[in-house]
Structures are given as structure tokens and as C-alpha cells.
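What follows is one structure encoded as C-alpha cells, with my remarks underneath.
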Amino acid sequence: MDRKLKEMLFFSAFRGCALLVVLSLVVLMWYIATGGLERLSWDFLTEMPRRANTEGGILPAIVGTFYLMLIVLAVSVPIGVMSAIYLVEYEQSSWMGRVFKLAVYNLAGVPSIVYGLLGLGIFVAFLGFGFSLMSAGLTLSIMTLPLMISAAREAIAAVPQSVREASLALGATKWQTIWHHVLPYALPGIFTGIILSVSRAAGETAPLMLTGVAMSLQRLPDGFFDSFMALPYHIFYMATQSSNLLATRPIQYATALVLLLLVLGMNLVAIVMRKRYRDRYKW
Amino acid sequence: MTTTIHTEDLNVYFERNHALIDVTMDIQNNQVTAVIGPSGCGKSTFIRCINRMNDLIPGCVVKGKVLVDGEDVNDDKVDVVDVRRRIGMVFQKPNPFPKSIYENVAYAPRLHGVTEVVDGKVRRRKHTKKELDEIVERSLRRAALWEEVKDRLDKSGMSLSGGQQQRLCIARTLSIDPEIILFDEPCSALDPIATSKIEDLLVDLKKDYTVIIVTHSMQQAARISDRTAFFYLGKMIEMGDTKQIFERPQMELTEQYITGRMG
């Protein structure tokens, strides 16, 4: 084949694939938005569901998902970042480090429903947290931990060794080197990990079903040990279990739209913070 | 001349690899000592023993003595942080922090603070802004960089040219006034003009500091050093006055290396 033609062909193929990704997002957004916009209103966001979810709003589901994201943020981020530091800075090539890495990879491959069972066994039953936000949030935290660790590990490992050497050679301790240099320079990458983890947790449905999500509540959870509603489960419930599937279709779309906006909004905040940190240090 | 550094039967192993074999040598105060030899001969490993940078390499074992002012740096009682504060190091590739020029130089003084004796008690406090400003200016002047950067101290250290970056790294090292400065092939990533600036600086620095430089350039060793040590396959083959090493080497291997028949 002609070289130029080949060049054109491959370039087009690459660009086509990249465009396909963008297109998927656009179609998805358009599809959800056209279906959901008509039902979306201030009342929809701020009212309790009524008549077995066929009327009223989805406030408890929004609040529930928001709390879940909060728990994941509070649990998964510090544990993930700290174990990533341990892995890169202290056990890079040791026996312990290899075992740890293997554990993380395998944890990442465990299906989410299995995490749900784990949460049911440990948090709901054994630790006695019951069917609650806490049980579900901790389950989601464990589930997203491998994602968080991998992202943080990559970001920390990407800080050049020469910077560590420079700091240590000036008489900084290992901890000072990590705190003053490694972590600040790795922060943009860590933010990427936070985006991925929290978004993943926000959209997860299966583990919630085993750890305390409710079909319908006319009130907000009164604390972390109360049961709750969540957006993804609300969609699942409306689309499969509702007594009147057709009537609730606009609610399904609108709920999906809210979930998407919530996740995209979170991502936007993280992206802005990532940019701020990236600009602070000029490589 | 007084001896600053004395090593005795220094051996270094990386896993199975015996990288440094029975190195015994003396390094004098206020001189430039050059360490030369072909790649992989152990010259970098040697100077990294002096400020214990080899500690960072997993599987590295150091045996033997490295006495600095009579004290073994590997002694359990010795604080490695203190060793590295007293023995500065400049690396092969310029490695400024991705922060401002000012922050690069002010980092180490901030880290260590000021130790002073008040009413017979040793106290540590932070530097005042004025003290830090003075340290930054003095260090940058000493590294012959002040005139080039004094108007843009808030710009990133990464925005400088390679030679300037290396002088910034030297200023950063000087900021805590070490006694000894180790240079690990500091010019290998620089062009000839930048190299000659660093060389002038090194010769000037020996008035106040003990300078040890690892170099793969024999010309550089001949130009700037007072004494030269030749390493080959992990052993220190010969050490002497630079003039003697280059004009009348005692060992066959040294002669082969400096005449370019080996390495």
C-alpha cells in the first residue's frame, strides 16, 4: 500500500477512536438530559419522595449519596495516600512491598457485590453498625482503596529521585523530604485518584443493597448509623421494582441527571484544585 | 595541611556486587581532591559513602571506617542528618526544587533553624526574614549567581539554564555552610562555558571548604585539583599530588588510563 495512504489511514483510525470516546459522553449526556430535564426542578431536588417514589423529589437520595462520598473521602484518601507513601518510600523492592502490591492488584479485581457481602459480614453484622450509612460508606471505602492507592502510588513514584536526594543531602529527614517535597509535588496526581475513587463510589449500587440502602424514605438520615437512600440505587429501584415503570421514567432520567451532575461537579472542583497545585510548582 | 577525611578498609557491596574494595585514603583540608577513573570504577560510590547517601540504596552494605574530623560517620551515635548538614553534595544532573530561586536557597536554613546559646542554654529558633534574605544573597553571591538572578528571585529555579541551575544547587548547598562539599560529576550535563564557570567556582571555594569532585574528565581534574585519586574496578589504585599523578604516575594502570590506553 502507498505509504501516504497508510499514514492517513492509521491517523484517521486513531482520531476516530478518540472521537468515539468524546461522542459516547456527548450522546450519554444528551440522552439523559433530554429525558430528565423536564422533570428536573427545584422541588424535585428539595422534596421528599411521595406515593412509593412515583411523586415528589429525591432529596434523601441526594443527601445519602453526598454522605457516602464524604465517608469515602474521609476514609479512603488518607489510608490510600499513607499506604502509597509506605509502599513507594519504604518498601519499594522488599518482600513486604511485593506482597502489598499483589494484595492491591487483587483487591482491585474483586467484584463490587463481593465487597457488599464483606460489608454485610464485617460492618453490618460483626461490628454492629447495622444497615447504615456507616456500613455502606466503609464498604465503598474499602472498594475504592485499590484505585486510590494505585493513583497515589503512581503520582508519588513519578516525583524524581533526584529531588529526594537533593533534600536528603541537605540534611532533611526522610519524613521532612516526604512532607516538604514528595507529597506537594505528587498532589495533582493524588487529586486525580480522589476524583476517580469518589466518582466510582458515588455510582456504585450493588454493595449498597447489602449494607443498608432504603427503597424509600420520607426523611433524611439522622446520623451516620441510620439507613439512607442513594441516587444509583434509586434509579435501579425505579427502573426495575416500581409499581408503575412508565410513570416513573422521567424520574429515572432526572435522577440519573442529578447523579451525573453531582459527580461532574465533584470532578470540576478536583480539577480546579489540581490545576492550582500544578501551577504552584514549575518543572 | 590537616586531614579532614580518612577512610580505612572501606568496602561497599550492592547485593552480590563488591563495588568498593579496601579503600584506604586521606583527604586534606581546604584542597580540591579529584577522583577519576573509568565508568563503574566506584568513584561515585566512594564519595556517597562520605555523606552516607548509599544508605538510600536498598541492599547496599558499607563496611570499614569513614572518619570525618576523627569521627566515624557510620557510628551508631552519629546522626545522619548532622552528617549531611556538615557535608554538602552537588549532583551530576542539576536538581533544583520546582520552587522559586529564593525558596531553593532558603530551604535548608529554614529546615535547621538557628542554634544559639542563651544564658548557657542551647536553643533553636527560626530565622528572621532579614537573616534568611542575607543567607540567600550571600549564598547566591558565593556561587557566582547573584548578579544573574537578583531581579527574579521569585521565579522558578527550573526556569534557569543548566549551568545556572547547577550554580543554584551549589548556592543551596552553601546556604547551611557545610565543612566539606562533594561534587558528583557536576559538569557532565553542562556546556563548556558553564563548565568553566563551575570550575572557577570550585577553585575559589577551597579557601573556605574542603572540596571533593568526582569527574570523568581528566582535563578537569588536572585543571582544578590539588590531589587526584585514581580508581579502577572498585580499588583505589593510586593517589598523589595532581601534578605527580599526571606527569609521573607510579602505577602502570594509572599511566594507561591517563594516556588514554584504557577506559
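Chain labels run A, B, ... following the order of the C-alpha cells; each chain numbers its residues from 1, and ligands are numbered from 1 in the order shown.
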Who sits within 10 Å of Lys243 in chain B, only C-alpha atoms, same chain under 5 positions skipped, as number ranges by chain: B: 222-223, 225-228, 248-249
Kindly save the residues from that selection, with C-alpha atoms included, as a compact mmCIF listing (two decimals), in the first residue's frame.
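Ended up saving to out31.txt:
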```txt
# COMPACT_ATOMS: atom_id res chain seq x y z
CA ALA B 222 44.25 18.38 36.01
CA ARG B 223 42.91 21.93 35.80
CA SER B 225 42.50 19.74 41.70
CA ASP B 226 45.38 19.73 44.14
CA ARG B 227 45.34 15.98 44.64
CA THR B 228 43.97 13.21 42.50
CA ARG B 248 54.86 10.73 36.82
CA PRO B 249 52.26 8.13 37.72
```
Residue list for chain B near chain A as a count of residues only, 10 Å, only C-alpha atoms: 45
Test item: residues at most 10 Å from Val114 in chain A, only C-alpha atoms, excluding those fewer than 2 positions along its chain, as a list of chain:residue names: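 The contact residues come out as A:Val110, A:Pro111, A:Ser112, A:Gly116, A:Leu117, A:Leu118, A:Gly119, A:Leu120, A:Met143, A:Ala206, A:Pro207, A:Leu210.
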Who sits within 9 Å of Arg48 in chain B, only C-alpha atoms, same chain under 6 positions skipped, as a VMD selection string: chain B and resid 54 to 55 89 182 184
For N, CA and C atoms, I'd like the residues from the last selection saved as a PDB file, in the first residue's frame.
```
ATOM      1  N   ASN B  54      24.674   6.382  50.335  1.00  0.00           N
ATOM      2  CA  ASN B  54      24.453   4.979  49.963  1.00  0.00           C
ATOM      3  C   ASN B  54      23.404   4.305  50.841  1.00  0.00           C
ATOM      4  N   ASP B  55      23.134   4.910  51.997  1.00  0.00           N
ATOM      5  CA  ASP B  55      22.086   4.371  52.876  1.00  0.00           C
ATOM      6  C   ASP B  55      20.765   4.227  52.131  1.00  0.00           C
ATOM      7  N   MET B  89      26.397  18.149  49.182  1.00  0.00           N
ATOM      8  CA  MET B  89      26.614  17.381  47.956  1.00  0.00           C
ATOM      9  C   MET B  89      25.937  18.048  46.771  1.00  0.00           C
ATOM     10  N   LEU B 182      30.845  17.721  48.412  1.00  0.00           N
ATOM     11  CA  LEU B 182      31.101  16.637  47.473  1.00  0.00           C
ATOM     12  C   LEU B 182      30.448  16.983  46.137  1.00  0.00           C
ATOM     13  N   ASP B 184      29.542  15.364  42.513  1.00  0.00           N
ATOM     14  CA  ASP B 184      29.473  14.107  41.772  1.00  0.00           C
ATOM     15  C   ASP B 184      29.307  14.408  40.282  1.00  0.00           C
TER      16      ASP B 184
END
```
Secondary structure check, strand (DSSP E or B) residues of range 27-235 of chain B, as a PyMOL selection string: chain B and resi 27-28+32-36+60-68+71-72+87-90+100+114-118+121-125+156+180-184+210-214+227-232+235
Selected residue, from B:Thr210, B:Asn104, B:Asn11, B:Ser39, that lies nearest to Val66 in chain B when counting only C-alpha atoms: B:Asn11
Residue among B:Val23, B:Pro38, B:Asn17, B:Thr215 lying closest to Leu253 in chain B, counting only C-alpha atoms: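 For Leu253 in chain B, the nearest of the candidates is B:Pro38.
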Taking 2 positions as the minimum chain separation for residues in the same chain, which residues sit within 8 Å of range 239-254 of chain A when counting only C-alpha atoms? Answer as a PDB file with N, CA and C atoms, in the first residue's frame.
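Saved as selection.pdb:
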```pdb
ATOM      1  N   ILE A  32     -29.547  11.471  28.584  1.00  0.00           N
ATOM      2  CA  ILE A  32     -30.008  11.639  29.958  1.00  0.00           C
ATOM      3  C   ILE A  32     -30.679  13.008  30.127  1.00  0.00           C
ATOM      4  N   ALA A  33     -30.061  14.019  29.536  1.00  0.00           N
ATOM      5  CA  ALA A  33     -30.569  15.382  29.728  1.00  0.00           C
ATOM      6  C   ALA A  33     -31.952  15.556  29.099  1.00  0.00           C
ATOM      7  N   GLY A  35     -34.140  13.337  28.516  1.00  0.00           N
ATOM      8  CA  GLY A  35     -35.132  12.563  29.254  1.00  0.00           C
ATOM      9  C   GLY A  35     -35.437  13.164  30.613  1.00  0.00           C
ATOM     10  N   GLY A  36     -34.431  13.792  31.211  1.00  0.00           N
ATOM     11  CA  GLY A  36     -34.581  14.180  32.605  1.00  0.00           C
ATOM     12  C   GLY A  36     -34.891  15.643  32.866  1.00  0.00           C
ATOM     13  N   LEU A  37     -34.540  16.491  31.891  1.00  0.00           N
ATOM     14  CA  LEU A  37     -34.652  17.935  32.148  1.00  0.00           C
ATOM     15  C   LEU A  37     -36.074  18.370  32.489  1.00  0.00           C
ATOM     16  N   GLU A  38     -37.047  17.775  31.788  1.00  0.00           N
ATOM     17  CA  GLU A  38     -38.432  18.206  32.003  1.00  0.00           C
ATOM     18  C   GLU A  38     -38.902  17.952  33.436  1.00  0.00           C
ATOM     19  N   ARG A  39     -38.360  16.864  34.034  1.00  0.00           N
ATOM     20  CA  ARG A  39     -38.788  16.520  35.386  1.00  0.00           C
ATOM     21  C   ARG A  39     -37.959  17.277  36.438  1.00  0.00           C
ATOM     22  N   LEU A  40     -36.754  17.717  36.016  1.00  0.00           N
ATOM     23  CA  LEU A  40     -35.846  18.377  36.948  1.00  0.00           C
ATOM     24  C   LEU A  40     -36.375  19.749  37.340  1.00  0.00           C
ATOM     25  N   ALA A  52     -44.795   6.033  47.146  1.00  0.00           N
ATOM     26  CA  ALA A  52     -43.876   4.989  46.664  1.00  0.00           C
ATOM     27  C   ALA A  52     -42.970   5.509  45.554  1.00  0.00           C
ATOM     28  N   THR A  54     -43.325   7.612  43.286  1.00  0.00           N
ATOM     29  CA  THR A  54     -43.841   7.994  41.974  1.00  0.00           C
ATOM     30  C   THR A  54     -44.085   9.495  41.888  1.00  0.00           C
ATOM     31  N   HIS A 234     -31.609   4.364  43.709  1.00  0.00           N
ATOM     32  CA  HIS A 234     -32.919   4.926  43.397  1.00  0.00           C
ATOM     33  C   HIS A 234     -33.264   4.679  41.920  1.00  0.00           C
ATOM     34  N   ILE A 235     -32.308   4.878  41.054  1.00  0.00           N
ATOM     35  CA  ILE A 235     -32.523   4.638  39.618  1.00  0.00           C
ATOM     36  C   ILE A 235     -32.832   3.166  39.385  1.00  0.00           C
ATOM     37  N   PHE A 236     -32.003   2.304  39.965  1.00  0.00           N
ATOM     38  CA  PHE A 236     -32.196   0.866  39.806  1.00  0.00           C
ATOM     39  C   PHE A 236     -33.589   0.446  40.283  1.00  0.00           C
ATOM     40  N   TYR A 237     -33.956   0.976  41.439  1.00  0.00           N
ATOM     41  CA  TYR A 237     -35.245   0.609  42.021  1.00  0.00           C
ATOM     42  C   TYR A 237     -36.404   1.061  41.140  1.00  0.00           C
ATOM     43  N   ALA A 256     -30.847  10.185  37.252  1.00  0.00           N
ATOM     44  CA  ALA A 256     -29.567   9.909  36.597  1.00  0.00           C
ATOM     45  C   ALA A 256     -28.842  11.210  36.284  1.00  0.00           C
ATOM     46  N   LEU A 257     -29.597  12.197  35.848  1.00  0.00           N
ATOM     47  CA  LEU A 257     -29.009  13.501  35.516  1.00  0.00           C
ATOM     48  C   LEU A 257     -28.393  14.133  36.764  1.00  0.00           C
ATOM     49  N   VAL A 258     -29.121  14.050  37.875  1.00  0.00           N
ATOM     50  CA  VAL A 258     -28.604  14.620  39.129  1.00  0.00           C
ATOM     51  C   VAL A 258     -27.315  13.913  39.551  1.00  0.00           C
TER      52      VAL A 258
END
```
Pick from B:Thr195, B:Ser139, B:Asn74, B:Asn29, whichever lies nearest to Gln166 in chain B using only C-alpha atoms: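 Looking only at the distances to Gln166 in chain B, the closest residue turns out to be B:Thr195.
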